[in-house]
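Undergrad: Just passing along the structure, written as structure tokens.
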Amino acid sequence: MARPSMPAPGMEAPGSVVVVGAGHAGTTLVGLLRQRGYQGSIVLLGAEEHIPYHRPPLSKRFLGEDYRQDLRPGDFYHASDIDLRCGAMVSSIDTDRHKVSVSDGSVLDYDALVIATGARPRKLTIPGTDLDGVLYLRSLSDAAELRAGLLRGGRLVVVGGGYVGLEVAAEARSRSIPVTVLEREKRVLARVASPQFSELLTRHHERRGTQVRTGADVAAFHGANGRVTGVELGDGSVLECDVALVGVGAIPNEELAVEAGITCDGGIVVDNSARTSAPNVYAIGDVTRRPTAGRHIRFESIPSAVEQAKQVVAALLGADPPAVEVPWFWSDQFDLKLKIAGVQSDTDTVVCRGNPESGKFALFHLTSANVVVSAETSNSPGLFMGSKKFINDQVAVDPVQLSDDSVDLQRVRSYPEEKADAPDHLRNT
Amino acid sequence: MPQITYVTPDDSEFTVDVPLGTTVMEGSVRNNLPGIIAECGGGCSCATCHVHISEEFNAYFDEPSDDEIELLQFSETFCSRSRLACQLIVTEKCDGMRLTIPPGNDG
């Protein structure tokens, strides 16, 4: 499948690339390298025993039959001359001598190194977290354990009303499992969604029988015979449960980089080419803190990981850097397909388009100059795609027209005069 | 096994075997062909598997859902032959199909 390599003039591609981490970011990167004709050696080191897989289904459909979805077929790696090593834990990186030490004793030389070690669930430090049935969700084996626990029957308590927690709650509730979501903040998704979006989603969950308790501190897990039986709240009350899923955020796996002297700040700090502070060392995916809108942000999303993989491929092969993309992510909860574009921040105006009661709507977040900076959409792929364009082009919109379903979305924005109308193919017919 | 020809954005052509019951998107991903990204793995969520398919072959697939059309409509390369490859399930009739991947799937 390899095509002729086309190195840019005056630029030579590195002879060997070592990728630490075989999640979505690392695996996308090695595929793209071969796609673009890279002919040097590629080693892909994965800490898990499984070949690389899609992580989103683990929280979205772990009770279904198809939650295990490999990123590539098993024979892909060998056929593409990619040296995939599963169960390979990296113990150290030497950026001066360009070496990676693996815990099995092997030492790999690299010309270019890519750190794609991802993130791990933040652990609670309260009594009882070591009881059977107190679970975290990140890996395929975590999902298998959660699935087995819930298929046995019983009640689920989700600690943490973030996206992972709400997806797990929705999947369990869809199978009529009794579910309570406990959130420490005043609302679910407090750090990642607008108050309006939080409220609409909370109502959607509650209508389907999920108990959502906000302002709820978790003090301890109770157990019997080594197995969880309940969750004790800050007020001393105890909620009985058979499985407790903890989803209280993720911590970047940056330790290898920190020990190697690479600049980190709650995530490996990278630029828009995914370069770290060390020469010939790149970092991509959930482990990174990347520049966006004048800040450095950690995006835990597939689109961000894929974008950074493209940045590294361009840098390694001497191609033009890819266009900057509008950050986005998706979440599936019950019948709602949620897509969120842009970076959530304090804005002046929220414009709702569509009908939240029907589940088909979008919340657009506008600056004081009516420029769209982010959008939270539900069952509205067209509004989502439109919002991405608005955000990317930083255009001002008319809030009244934007809120009016009967006004074509393309006519809500102000086009420059020379392009006084929407592109032909988007005209209303 | 049906053979499908993918014409990638740089006009390269790849003819590959695609197993029955899998999708046109998977046929590309399995063979690491350029042009189709498929970030969401086939969930009709990301719109990074946009392809153009001739009317003749389009008739062999299920009609596009509203979601699929909405996702596609904002693409610069949207046209009457546009589909999302993750929604196209391969049958015997797809043998010999030739499709074009427009630019834009990779942002």
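Following the order of the structure tokens, chains are lettered A, B, ..., residues in each are numbered from 1, and ligands are numbered from 1.
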How close does each residue of chain A get to chain B, giving the shortest atom pair and distance in Å to one decimal for every residue with an atom at most 10 Å away, counting only C-alpha atoms, sorted by chain and residue number, as a Markdown table?
TA:
```
| residue | atom | partner | partner_atom | distance |
| --- | --- | --- | --- | --- |
| A:Met1 | CA | B:Asn31 | CA | 7.3 |
| A:Ala2 | CA | B:Asn32 | CA | 9.2 |
| A:Arg3 | CA | B:Ser12 | CA | 9.5 |
| A:His24 | CA | B:Glu39 | CA | 9.1 |
| A:Thr28 | CA | B:Ile37 | CA | 9.0 |
| A:Gly31 | CA | B:Asn32 | CA | 6.5 |
| A:Leu32 | CA | B:Pro34 | CA | 7.9 |
| A:Arg34 | CA | B:Asn32 | CA | 8.1 |
| A:Gln35 | CA | B:Pro34 | CA | 6.0 |
| A:Arg36 | CA | B:Pro34 | CA | 7.8 |
| A:Tyr53 | CA | B:Gly41 | CA | 10.0 |
| A:His54 | CA | B:Gly41 | CA | 7.4 |
| A:Pro56 | CA | B:Cys40 | CA | 8.2 |
| A:Pro57 | CA | B:Gly41 | CA | 9.5 |
| A:Gln69 | CA | B:Gly41 | CA | 8.3 |
| A:Asp70 | CA | B:Gly41 | CA | 9.3 |
| A:Leu71 | CA | B:Gly41 | CA | 7.8 |
| A:Arg72 | CA | B:Arg30 | CA | 6.1 |
| A:Pro73 | CA | B:Arg30 | CA | 6.3 |
| A:Gly74 | CA | B:Arg30 | CA | 9.7 |
| A:Asp75 | CA | B:Arg30 | CA | 9.3 |
| A:Phe76 | CA | B:Arg30 | CA | 7.1 |
| A:Ala79 | CA | B:Asn31 | CA | 9.5 |
| A:Ser80 | CA | B:Asn32 | CA | 8.7 |
| A:Ile302 | CA | B:Glu39 | CA | 6.7 |
| A:Pro303 | CA | B:Glu39 | CA | 6.6 |
| A:Ala305 | CA | B:Glu39 | CA | 9.6 |
| A:Val306 | CA | B:Glu39 | CA | 7.4 |
| A:Glu307 | CA | B:Gly107 | CA | 8.2 |
| A:Lys310 | CA | B:Asp106 | CA | 8.6 |
| A:Pro322 | CA | B:Gly107 | CA | 7.8 |
| A:Ala323 | CA | B:Gly107 | CA | 6.8 |
| A:Val324 | CA | B:Gly107 | CA | 8.0 |
| A:Glu325 | CA | B:Gly107 | CA | 6.4 |
| A:Val326 | CA | B:Gly107 | CA | 9.1 |
| A:Trp328 | CA | B:Cys46 | CA | 9.5 |
| A:Phe329 | CA | B:Cys46 | CA | 8.9 |
| A:Trp330 | CA | B:Ser45 | CA | 7.5 |
| A:Ser331 | CA | B:Ser45 | CA | 9.5 |
| A:Asp332 | CA | B:Ser45 | CA | 9.9 |
| A:Lys337 | CA | B:Ser45 | CA | 8.1 |
| A:Leu338 | CA | B:Ser45 | CA | 9.1 |
| A:Lys339 | CA | B:Ser45 | CA | 8.1 |
| A:Asn379 | CA | B:Asp67 | CA | 8.0 |
| A:Ser380 | CA | B:Asp67 | CA | 7.5 |
| A:Pro381 | CA | B:Leu71 | CA | 5.4 |
| A:Gly382 | CA | B:Glu70 | CA | 4.4 |
| A:Leu383 | CA | B:Glu70 | CA | 8.2 |
| A:Phe384 | CA | B:Leu71 | CA | 8.2 |
| A:Met385 | CA | B:Phe74 | CA | 6.2 |
| A:Gly386 | CA | B:Phe74 | CA | 6.6 |
| A:Lys388 | CA | B:Phe74 | CA | 9.7 |
| A:Lys389 | CA | B:Phe74 | CA | 8.4 |
| A:Gln410 | CA | B:Phe74 | CA | 9.4 |
| A:Pro423 | CA | B:Glu76 | CA | 8.4 |
| A:His425 | CA | B:Phe78 | CA | 7.4 |
| A:Leu426 | CA | B:Gln73 | CA | 7.2 |
```
Undergrad: What lies within 7 Å of Ala283 of chain A using only C-alpha atoms, ignoring chain neighbours under 3 positions off, as a list in words?
TA: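 Final neighbour list, sorted by chain and number: Val114, Ile115, Ala116, Ile268, Val270, Ala274, Arg275, Thr276 and Thr288 of chain A.
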Undergrad: Print the selection's residues with N, CA, C and O atoms to a file, as a CSV table (one decimal), in the first residue's frame.
TA:
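The file below, result26.csv, is the result:
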```csv
chain,number,residue,atom,x,y,z
A,114,VAL,N,7.6,9.8,19.5
A,114,VAL,CA,6.3,10.4,19.8
A,114,VAL,C,5.7,9.8,21.0
A,114,VAL,O,5.6,8.6,21.2
A,115,ILE,N,5.4,10.7,22.0
A,115,ILE,CA,4.8,10.2,23.2
A,115,ILE,C,3.3,10.4,23.1
A,115,ILE,O,2.8,11.5,22.9
A,116,ALA,N,2.6,9.3,23.3
A,116,ALA,CA,1.2,9.2,23.1
A,116,ALA,C,0.6,8.3,24.2
A,116,ALA,O,-0.1,7.4,24.0
A,268,ILE,N,1.9,17.2,28.8
A,268,ILE,CA,3.1,17.6,28.1
A,268,ILE,C,2.8,18.8,27.2
A,268,ILE,O,1.9,18.8,26.4
A,270,VAL,N,3.0,21.2,24.3
A,270,VAL,CA,3.4,21.1,22.8
A,270,VAL,C,3.0,22.3,22.1
A,270,VAL,O,2.2,23.1,22.6
A,274,ALA,N,2.9,19.8,17.5
A,274,ALA,CA,3.0,18.7,18.5
A,274,ALA,C,4.4,18.5,18.9
A,274,ALA,O,4.8,17.4,19.4
A,275,ARG,N,5.3,19.5,18.8
A,275,ARG,CA,6.7,19.4,19.3
A,275,ARG,C,6.7,19.7,20.8
A,275,ARG,O,6.0,20.6,21.3
A,276,THR,N,7.5,18.9,21.5
A,276,THR,CA,7.7,19.1,22.9
A,276,THR,C,9.0,20.0,23.0
A,276,THR,O,9.5,20.5,22.0
A,288,THR,N,-1.3,15.6,26.2
A,288,THR,CA,-0.7,16.9,25.8
A,288,THR,C,-1.6,18.0,26.4
A,288,THR,O,-2.8,17.9,26.6
```
Undergrad: Give me, as a VMD selection string, the residues of chain B that a backbone DSSP run labels alpha helix (DSSP H).
TA: chain B and resid 24 to 30 55 to 58 66 to 73
Undergrad: Would you mind exporting N, CA and C atoms of the selected residues as a PDB file, in the first residue's frame?
TA:
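This is the output file out_21.pdb:
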```
ATOM      1  N   VAL B  24     -18.064   0.387   3.276  1.00  0.00           N
ATOM      2  CA  VAL B  24     -17.118   0.968   2.327  1.00  0.00           C
ATOM      3  C   VAL B  24     -16.017   1.703   3.091  1.00  0.00           C
ATOM      4  N   MET B  25     -16.376   2.330   4.222  1.00  0.00           N
ATOM      5  CA  MET B  25     -15.378   2.988   5.063  1.00  0.00           C
ATOM      6  C   MET B  25     -14.353   1.961   5.566  1.00  0.00           C
ATOM      7  N   GLU B  26     -14.847   0.829   6.087  1.00  0.00           N
ATOM      8  CA  GLU B  26     -13.933  -0.185   6.622  1.00  0.00           C
ATOM      9  C   GLU B  26     -12.990  -0.720   5.552  1.00  0.00           C
ATOM     10  N   GLY B  27     -13.484  -0.831   4.327  1.00  0.00           N
ATOM     11  CA  GLY B  27     -12.633  -1.285   3.230  1.00  0.00           C
ATOM     12  C   GLY B  27     -11.438  -0.378   3.043  1.00  0.00           C
ATOM     13  N   SER B  28     -11.637   0.902   3.255  1.00  0.00           N
ATOM     14  CA  SER B  28     -10.543   1.864   3.143  1.00  0.00           C
ATOM     15  C   SER B  28      -9.612   1.772   4.346  1.00  0.00           C
ATOM     16  N   VAL B  29     -10.198   1.738   5.544  1.00  0.00           N
ATOM     17  CA  VAL B  29      -9.389   1.733   6.769  1.00  0.00           C
ATOM     18  C   VAL B  29      -8.547   0.451   6.863  1.00  0.00           C
ATOM     19  N   ARG B  30      -9.151  -0.686   6.510  1.00  0.00           N
ATOM     20  CA  ARG B  30      -8.419  -1.971   6.580  1.00  0.00           C
ATOM     21  C   ARG B  30      -7.182  -1.936   5.703  1.00  0.00           C
ATOM     22  N   GLU B  55     -24.562   7.219  -9.506  1.00  0.00           N
ATOM     23  CA  GLU B  55     -25.984   6.934  -9.308  1.00  0.00           C
ATOM     24  C   GLU B  55     -26.260   5.432  -9.384  1.00  0.00           C
ATOM     25  N   GLU B  56     -25.595   4.790 -10.339  1.00  0.00           N
ATOM     26  CA  GLU B  56     -25.806   3.351 -10.539  1.00  0.00           C
ATOM     27  C   GLU B  56     -25.546   2.575  -9.255  1.00  0.00           C
ATOM     28  N   PHE B  57     -24.423   2.842  -8.637  1.00  0.00           N
ATOM     29  CA  PHE B  57     -24.081   2.075  -7.436  1.00  0.00           C
ATOM     30  C   PHE B  57     -24.801   2.594  -6.192  1.00  0.00           C
ATOM     31  N   ASN B  58     -25.093   3.887  -6.173  1.00  0.00           N
ATOM     32  CA  ASN B  58     -25.806   4.442  -5.025  1.00  0.00           C
ATOM     33  C   ASN B  58     -27.135   3.726  -4.809  1.00  0.00           C
ATOM     34  N   ASP B  66     -31.509  11.220   7.566  1.00  0.00           N
ATOM     35  CA  ASP B  66     -31.473  12.681   7.700  1.00  0.00           C
ATOM     36  C   ASP B  66     -30.146  13.123   8.311  1.00  0.00           C
ATOM     37  N   ASP B  67     -29.681  12.372   9.312  1.00  0.00           N
ATOM     38  CA  ASP B  67     -28.412  12.713   9.959  1.00  0.00           C
ATOM     39  C   ASP B  67     -27.272  12.733   8.947  1.00  0.00           C
ATOM     40  N   GLU B  68     -27.248  11.711   8.114  1.00  0.00           N
ATOM     41  CA  GLU B  68     -26.159  11.615   7.131  1.00  0.00           C
ATOM     42  C   GLU B  68     -26.186  12.817   6.178  1.00  0.00           C
ATOM     43  N   ILE B  69     -27.374  13.152   5.708  1.00  0.00           N
ATOM     44  CA  ILE B  69     -27.478  14.282   4.771  1.00  0.00           C
ATOM     45  C   ILE B  69     -27.068  15.579   5.459  1.00  0.00           C
ATOM     46  N   GLU B  70     -27.536  15.761   6.696  1.00  0.00           N
ATOM     47  CA  GLU B  70     -27.189  17.002   7.417  1.00  0.00           C
ATOM     48  C   GLU B  70     -25.678  17.137   7.601  1.00  0.00           C
ATOM     49  N   LEU B  71     -25.032  16.023   7.922  1.00  0.00           N
ATOM     50  CA  LEU B  71     -23.578  16.073   8.125  1.00  0.00           C
ATOM     51  C   LEU B  71     -22.858  16.445   6.833  1.00  0.00           C
ATOM     52  N   LEU B  72     -23.392  15.931   5.719  1.00  0.00           N
ATOM     53  CA  LEU B  72     -22.714  16.139   4.439  1.00  0.00           C
ATOM     54  C   LEU B  72     -22.940  17.520   3.848  1.00  0.00           C
ATOM     55  N   GLN B  73     -24.115  18.088   4.120  1.00  0.00           N
ATOM     56  CA  GLN B  73     -24.525  19.292   3.402  1.00  0.00           C
ATOM     57  C   GLN B  73     -23.588  20.480   3.575  1.00  0.00           C
TER      58      GLN B  73
END
```
Undergrad: Would you give me, as a tab-separated table, each residue of segment 195-253 of chain A having an atom within 9 Å of an atom of segment 127-149 of chain A, along with its shortest atom pair and that distance in Å to one decimal, using only C-alpha atoms and sorting by chain and residue number?
TA:
```
residue	atom	partner	partner_atom	distance
A:Ala219	CA	A:Pro127	CA	7.6
A:Ala220	CA	A:Pro127	CA	4.9
A:Phe221	CA	A:Gly128	CA	4.6
A:His222	CA	A:Gly128	CA	6.2
A:Gly223	CA	A:Leu131	CA	6.7
A:Ala224	CA	A:Leu131	CA	8.8
A:Asn225	CA	A:Leu131	CA	9.0
A:Gly226	CA	A:Leu131	CA	5.4
A:Arg227	CA	A:Asp132	CA	4.5
A:Val228	CA	A:Gly133	CA	5.6
A:Thr229	CA	A:Gly133	CA	8.6
A:Asp242	CA	A:Gly133	CA	6.8
A:Val243	CA	A:Gly133	CA	4.8
A:Ala244	CA	A:Val134	CA	4.8
A:Leu245	CA	A:Leu135	CA	4.8
A:Val246	CA	A:Tyr136	CA	5.2
A:Gly247	CA	A:Tyr136	CA	6.5
```
Undergrad: Residues within 8 Å of segment 91-103 of chain B, please, as a short mmCIF file (atom, residue, chain, number, x, y, z; two decimals) with all heavy atoms, in the first residue's frame. Count only C-alpha atoms; anything in the same chain fewer than 4 positions from it doesn't count.
TA:
```cif
data_model
loop_
_atom_site.label_atom_id
_atom_site.label_comp_id
_atom_site.auth_asym_id
_atom_site.auth_seq_id
_atom_site.Cartn_x
_atom_site.Cartn_y
_atom_site.Cartn_z
N MET B 1 -15.25 -12.16 -3.08
CA MET B 1 -15.33 -10.90 -2.32
C MET B 1 -15.37 -9.72 -3.30
O MET B 1 -14.58 -9.66 -4.22
CB MET B 1 -14.08 -10.81 -1.43
CG MET B 1 -14.30 -9.97 -0.20
SD MET B 1 -12.80 -9.80 0.79
CE MET B 1 -12.41 -11.48 1.28
N PRO B 2 -16.31 -8.78 -3.09
CA PRO B 2 -16.40 -7.66 -4.04
C PRO B 2 -15.12 -6.83 -4.07
O PRO B 2 -14.47 -6.63 -3.05
CB PRO B 2 -17.55 -6.82 -3.46
CG PRO B 2 -18.30 -7.72 -2.57
CD PRO B 2 -17.33 -8.74 -2.05
N GLN B 3 -14.80 -6.41 -5.28
CA GLN B 3 -13.66 -5.51 -5.45
C GLN B 3 -14.17 -4.09 -5.62
O GLN B 3 -15.09 -3.84 -6.41
CB GLN B 3 -12.86 -5.90 -6.68
CG GLN B 3 -12.00 -7.13 -6.47
CD GLN B 3 -10.86 -7.18 -7.46
OE1 GLN B 3 -11.01 -6.78 -8.61
NE2 GLN B 3 -9.71 -7.66 -7.02
N ILE B 4 -13.57 -3.17 -4.88
CA ILE B 4 -13.98 -1.76 -4.96
C ILE B 4 -12.75 -0.92 -5.27
O ILE B 4 -11.67 -1.15 -4.71
CB ILE B 4 -14.63 -1.30 -3.63
CG1 ILE B 4 -15.92 -2.09 -3.38
CG2 ILE B 4 -14.92 0.21 -3.65
CD1 ILE B 4 -16.63 -1.75 -2.09
N THR B 5 -12.92 0.04 -6.17
CA THR B 5 -11.83 0.94 -6.51
C THR B 5 -12.05 2.29 -5.84
O THR B 5 -13.11 2.90 -5.98
CB THR B 5 -11.73 1.13 -8.03
OG1 THR B 5 -11.47 -0.14 -8.63
CG2 THR B 5 -10.61 2.11 -8.38
N TYR B 6 -11.07 2.70 -5.04
CA TYR B 6 -11.11 4.00 -4.36
C TYR B 6 -10.19 4.96 -5.10
O TYR B 6 -8.99 4.68 -5.26
CB TYR B 6 -10.61 3.86 -2.92
CG TYR B 6 -11.47 2.98 -2.03
CD1 TYR B 6 -11.40 1.59 -2.12
CD2 TYR B 6 -12.32 3.54 -1.08
CE1 TYR B 6 -12.17 0.79 -1.30
CE2 TYR B 6 -13.09 2.73 -0.23
CZ TYR B 6 -13.01 1.35 -0.36
OH TYR B 6 -13.78 0.56 0.46
N VAL B 7 -10.74 6.07 -5.56
CA VAL B 7 -9.93 7.12 -6.18
C VAL B 7 -9.71 8.19 -5.11
O VAL B 7 -10.66 8.81 -4.64
CB VAL B 7 -10.62 7.73 -7.41
CG1 VAL B 7 -9.72 8.79 -8.05
CG2 VAL B 7 -10.99 6.64 -8.40
N THR B 8 -8.47 8.34 -4.67
CA THR B 8 -8.17 9.21 -3.53
C THR B 8 -8.02 10.66 -3.98
O THR B 8 -7.93 10.93 -5.17
CB THR B 8 -6.92 8.70 -2.80
OG1 THR B 8 -5.85 8.66 -3.73
CG2 THR B 8 -7.15 7.31 -2.25
N PRO B 9 -8.01 11.60 -3.02
CA PRO B 9 -8.03 13.03 -3.39
C PRO B 9 -6.88 13.44 -4.32
O PRO B 9 -7.00 14.42 -5.05
CB PRO B 9 -7.93 13.75 -2.04
CG PRO B 9 -8.55 12.79 -1.08
CD PRO B 9 -8.16 11.43 -1.57
N LEU B 20 -17.94 -8.86 2.36
CA LEU B 20 -19.39 -8.66 2.41
C LEU B 20 -19.80 -8.32 3.84
O LEU B 20 -19.27 -8.88 4.79
CB LEU B 20 -20.11 -9.94 1.98
CG LEU B 20 -19.99 -10.33 0.51
CD1 LEU B 20 -20.59 -11.72 0.29
CD2 LEU B 20 -20.69 -9.30 -0.37
N GLY B 21 -20.75 -7.40 3.96
CA GLY B 21 -21.27 -7.07 5.28
C GLY B 21 -20.48 -6.02 6.01
O GLY B 21 -20.94 -5.49 7.03
N GLY B 35 -7.25 9.46 2.51
CA GLY B 35 -8.47 10.20 2.16
C GLY B 35 -9.63 10.04 3.11
O GLY B 35 -10.38 10.97 3.34
N ILE B 36 -9.80 8.84 3.64
CA ILE B 36 -10.88 8.60 4.60
C ILE B 36 -10.27 8.50 5.99
O ILE B 36 -9.37 7.70 6.22
CB ILE B 36 -11.67 7.32 4.24
CG1 ILE B 36 -12.55 7.59 3.01
CG2 ILE B 36 -12.50 6.84 5.43
CD1 ILE B 36 -13.33 6.38 2.52
N HIS B 50 -16.45 11.07 3.80
CA HIS B 50 -17.25 11.54 2.66
C HIS B 50 -16.73 10.94 1.36
O HIS B 50 -15.54 11.01 1.07
CB HIS B 50 -17.14 13.08 2.64
CG HIS B 50 -17.96 13.76 1.59
ND1 HIS B 50 -17.88 15.12 1.39
CD2 HIS B 50 -18.86 13.30 0.68
CE1 HIS B 50 -18.71 15.47 0.41
NE2 HIS B 50 -19.30 14.38 -0.04
N VAL B 51 -17.63 10.33 0.58
CA VAL B 51 -17.25 9.81 -0.74
C VAL B 51 -18.31 10.22 -1.78
O VAL B 51 -19.44 10.57 -1.42
CB VAL B 51 -17.14 8.26 -0.75
CG1 VAL B 51 -16.01 7.81 0.16
CG2 VAL B 51 -18.46 7.60 -0.32
N HIS B 52 -17.91 10.18 -3.03
CA HIS B 52 -18.84 10.40 -4.14
C HIS B 52 -19.05 9.07 -4.86
O HIS B 52 -18.08 8.41 -5.23
CB HIS B 52 -18.28 11.44 -5.13
CG HIS B 52 -18.26 12.84 -4.58
ND1 HIS B 52 -17.57 13.86 -5.19
CD2 HIS B 52 -18.85 13.39 -3.50
CE1 HIS B 52 -17.72 14.98 -4.50
NE2 HIS B 52 -18.50 14.72 -3.45
N ILE B 53 -20.31 8.72 -5.04
CA ILE B 53 -20.64 7.42 -5.64
C ILE B 53 -21.58 7.63 -6.82
O ILE B 53 -22.51 8.45 -6.74
CB ILE B 53 -21.30 6.52 -4.58
CG1 ILE B 53 -20.24 6.12 -3.57
CG2 ILE B 53 -21.95 5.32 -5.19
CD1 ILE B 53 -20.63 5.05 -2.64
N SER B 54 -21.36 6.90 -7.87
CA SER B 54 -22.20 7.07 -9.07
C SER B 54 -23.64 6.65 -8.75
O SER B 54 -23.89 5.84 -7.86
CB SER B 54 -21.66 6.24 -10.22
OG SER B 54 -21.89 4.87 -9.95
N PHE B 57 -24.42 2.84 -8.64
CA PHE B 57 -24.08 2.08 -7.44
C PHE B 57 -24.80 2.59 -6.19
O PHE B 57 -25.10 1.83 -5.28
CB PHE B 57 -22.56 2.06 -7.23
CG PHE B 57 -21.87 1.10 -8.14
CD1 PHE B 57 -21.18 1.54 -9.26
CD2 PHE B 57 -21.93 -0.26 -7.89
CE1 PHE B 57 -20.56 0.63 -10.11
CE2 PHE B 57 -21.31 -1.18 -8.73
CZ PHE B 57 -20.62 -0.72 -9.85
N TYR B 60 -27.75 0.74 -4.90
CA TYR B 60 -27.61 -0.53 -4.20
C TYR B 60 -27.53 -0.38 -2.69
O TYR B 60 -27.49 -1.36 -1.95
CB TYR B 60 -26.35 -1.27 -4.69
CG TYR B 60 -26.40 -1.64 -6.16
CD1 TYR B 60 -25.25 -1.57 -6.94
CD2 TYR B 60 -27.59 -2.05 -6.76
CE1 TYR B 60 -25.28 -1.91 -8.29
CE2 TYR B 60 -27.64 -2.37 -8.09
CZ TYR B 60 -26.48 -2.30 -8.86
OH TYR B 60 -26.52 -2.63 -10.18
N THR B 77 -17.56 20.03 -0.78
CA THR B 77 -17.61 19.13 -1.93
C THR B 77 -18.90 18.30 -1.95
O THR B 77 -18.98 17.27 -2.59
CB THR B 77 -16.39 18.18 -1.91
OG1 THR B 77 -16.28 17.60 -0.61
CG2 THR B 77 -15.12 18.94 -2.23
#
```
Undergrad: Using only C-alpha atoms, which of A:Val19, A:Ile177, A:Val30, A:Ala260 sits nearest Arg155 of chain A?
TA: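 Closest residue, counting only C-alpha atoms: A:Ile177.
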Undergrad: Enter the distance from atom CA of Ala25 of chain A to atom CA of Val18 of chain B, in Å, rounded to one decimal.
TA: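 Straight-line distance from atom CA of Ala25 of chain A to atom CA of Val18 of chain B works out to 25.4 Å.
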